[in-house]
Structures are given as structure tokens and as C-alpha cells.
Amino acid sequence: MWKYSTLKYIFWPIFIGVFLYSFIVESLGIWVFVGLILCWLSYIVFGVFRMEAGIFLTAVCRLPHVTKKNLILTFDDGPDPDHTPEILDILKLHQAQAVFFCIGKNIQTFPEIVKRIVAEGHIVANHSFHHSNFIGSYSTQKVVTEIQLTENAIIDCIGESLQLYRPPVGVTNPNIAKAIKKLNMTVLGWSVRSFDTVSSDKNELLRRITSTLKNGDIILLHDTKPVTKDILADFLLYSTNKGFTFDINPVRAIK
């Protein structure tokens, strides 16, 4: 799909041209303009909520050129003192690696959990400092601050950062894109979404994340929900029985 940075230079000249034609040559009626504006707004809204469309920025939503059957397991919104340690126990038991997109203020509150994540071979990545549901309304500088505060928290805790970012609720827009470019961050999205934040039905969640698994899929879960912990072992067993591995080294090589 065409990127916003390109399409805006096509849409608005067309809109202005249609307006001038209607004003000077022949009236086209208000619904022509309403239709054009609705098309533009639909495109913008689609881009805001569909990271994989790549309208505002480029996000890695599936691993390209994977030579073995590998999945990338990701957990958002932690670390959580109640659930993250249990999830780490399950991952260790099944020898699976994962990427934990941590909220900056949680990193500062629970640094020992973050250190354990890294010590057990997982990746700690950036999920903004406050995880505001309204980050889509933030200025570029405010997004920069959210990301940079979290980068600082990661480095203070574990000494290094991969500069890997996932926007809260997957929202993207021009301001977020500018902030990511300014900070030279890499955005990791997902191709399989569990919806474990809105459903507690274990069977439904398992069905959702196992029904279409493909090599290179990136799976979105949350280490703040009891149901995620409850289905994790079954998911790992199912996936390994299908021949999949959970190796995060391809993520380290994305840059």
C-alpha cells in the first residue's frame, strides 16, 4: 500500500484540482467532496490501526527469509510481578526464547525481573514509558520522550538496548514515525494476535494462535494476563510438536 508520505502529495493536488474545476467550470456537488474526504479519512484510520500496512512507517511483522521453522514469541506490557516470573519458568522448562516489550515505568519498578529476563536469554525491548492509550494524539517530541525515557531505563537496568520498539496498542501515525526515525528505532509488530487482553477463554485463545501458524510468524501475547500463563505451556507443546522452534537470534539481526 502507498505510504502516507507519498500519497499526501497526490491526494491534495487532486482534491484542489477537483475543487477548482467545480468552482470554475462545472459544479460537481457537495457529495463529490464528501466522498473524497471520507476516502482520505478511511485511509488514515486504516493506517493508524494497521501497523502491518506500513502506511506511516515500516514495521517488521513477520520474519523475512527464515530458513528453519521458527516462531517469535513476544510479550507486551510487563514486567508484571505476579505473572512474568511464572511465564519465565514455563519458557525455561520448554527451552523457548521470547521478546519482552516492557513499559519503562515497570522496568524501573521491577528491575530484578528485567534482569532475570535477560539472564535467561530473552530480549528486553521498548514499549514506551507510560503506555498511554492516547499516544496517537502525542506530538513528535512527546513520543520521543516516551521512547527515550524507556531506552534510558533499559540501559540503566541491563546495560544495553537493541533499540527495538513496539508502539502501545500498535498505533502508528506521522508523529510516531518521525520520532522513530529520529531515534533510529526498529519497530517490531506481529502477524498473530491472541487478543488475550479481551478474552479469558483458554480454548478460544489457543485456537486463535495455533490455527494459521506459519514459519516466521511473530506472536503477540501479554505477560500481564493470567490466561496467557495458563495457555502458554500448551501452545509451546503444540508448536514444538509441529516442528517449530522459538529462537530470537533472527530478531537481533533485524537492524
# chains A, B, ... in the order shown; residues from 1 in each chain; ligands from 1

call {"tool": "closest_atom_pairs", "arguments": {"of": "region 149-181 of chain A", "to": "region 117-131 of chain A", "cutoff": "9 Å", "atoms": "only C-alpha atoms", "output": "Markdown table"}}
result
| residue | atom | partner | partner_atom | distance |
| --- | --- | --- | --- | --- |
| A:Leu149 | CA | A:Phe129 | CA | 6.2 |
| A:Thr150 | CA | A:Phe129 | CA | 5.2 |
| A:Glu151 | CA | A:Asn126 | CA | 6.7 |
| A:Ala153 | CA | A:Phe129 | CA | 8.8 |
| A:Ile154 | CA | A:Val124 | CA | 7.6 |
| A:Ile158 | CA | A:Val118 | CA | 7.7 |
| A:Ser161 | CA | A:Ala125 | CA | 7.2 |
| A:Leu162 | CA | A:Ala125 | CA | 7.1 |
| A:Gln163 | CA | A:Ala125 | CA | 7.1 |
| A:Leu164 | CA | A:Ala125 | CA | 5.4 |
| A:Tyr165 | CA | A:Asn126 | CA | 4.7 |
| A:Arg166 | CA | A:His127 | CA | 5.3 |
| A:Pro167 | CA | A:His127 | CA | 6.0 |
| A:Pro168 | CA | A:His131 | CA | 5.6 |
| A:Val169 | CA | A:His131 | CA | 8.4 |

call {"tool": "select_by_dssp", "arguments": {"residues": "region 39-144 of chain A", "states": "strand (DSSP E)", "output": "list in words"}}
result
Ala59, Val60, Ile72, Leu73, Thr74, Phe75, Asp76, Ala98, Val99, Phe100, Phe101, Cys102, Ile123, Val124, Ala125 and Asn126 of chain A

call {"tool": "atom_distance", "arguments": {"atom1": "CA of Met51 (chain A)", "atom2": "CA of Leu38 (chain A)"}}
result
20.5 Å

call {"tool": "closest_residue", "arguments": {"among": "A:Asn241, A:Ser27, A:Ser211, A:Asn173", "to": "Phe49 (chain A)", "atoms": "only C-alpha atoms"}}
result
A:Asn173

call {"tool": "residues_around", "arguments": {"residues": "Leu63 (chain A)", "least_positions_apart": "5", "cutoff": "10 Å", "atoms": "only C-alpha atoms", "output": "ChimeraX atom specification"}}
result
/A:70-72,188,190-191,215-218,250-251,254

call {"tool": "atom_distance", "arguments": {"atom1": "CA of Pro85 (chain A)", "atom2": "CA of Phe246 (chain A)"}}
result
18.5 Å

call {"tool": "residues_around", "arguments": {"residues": "region 4-8 of chain A", "least_positions_apart": "2", "cutoff": "9 Å", "atoms": "only C-alpha atoms", "output": "VMD selection string"}}
result
chain A and resid 2 10 to 13 43 to 44 47 54 to 57 174

call {"tool": "select_by_dssp", "arguments": {"residues": "region 78-191 of chain A", "states": "alpha helix (DSSP H)", "output": "VMD selection string"}}
result
chain A and resid 84 to 93 104 to 109 111 to 119 140 to 158 174 to 183

call {"tool": "atom_distance", "arguments": {"atom1": "CA of Pro64 (chain A)", "atom2": "CA of Arg252 (chain A)"}}
result
13.1 Å

call {"tool": "residues_around", "arguments": {"residues": "Asn184 (chain A)", "least_positions_apart": "2", "cutoff": "12 Å", "atoms": "only C-alpha atoms", "output": "PyMOL selection string"}}
result
chain A and resi 144+147-148+151+162-165+177-182+186-187+255

call {"tool": "residues_around", "arguments": {"residues": "Pro81 (chain A)", "least_positions_apart": "3", "cutoff": "10 Å", "atoms": "only C-alpha atoms", "output": "PyMOL selection string"}}
result
chain A and resi 78+84-86+106+109-110+112-113+223-224

call {"tool": "write_last_selection", "arguments": {"atoms": "C-alpha atoms", "output": "PDB file, in the first residue's frame"}}
result
ATOM      1  CA  GLY A  78       5.331  -6.132  31.628  1.00  0.00           C
ATOM      2  CA  THR A  84       6.109 -12.575  34.347  1.00  0.00           C
ATOM      3  CA  PRO A  85       8.142 -14.849  36.685  1.00  0.00           C
ATOM      4  CA  GLU A  86       5.742 -17.745  36.057  1.00  0.00           C
ATOM      5  CA  ASN A 106       7.544  -1.005  35.088  1.00  0.00           C
ATOM      6  CA  THR A 109       9.689  -0.584  39.468  1.00  0.00           C
ATOM      7  CA  PHE A 110      10.690  -4.228  38.883  1.00  0.00           C
ATOM      8  CA  GLU A 112      15.072  -7.616  39.173  1.00  0.00           C
ATOM      9  CA  ILE A 113      12.520  -9.208  36.844  1.00  0.00           C
ATOM     10  CA  ASP A 223       2.675 -11.210  30.386  1.00  0.00           C
ATOM     11  CA  THR A 224       0.154  -9.286  32.486  1.00  0.00           C
TER      12      THR A 224
END

call {"tool": "closest_residue", "arguments": {"among": "A:Leu73, A:Ile107, A:Glu26, A:Pro226", "to": "Ile209 (chain A)", "atoms": "only C-alpha atoms"}}
result
A:Leu73
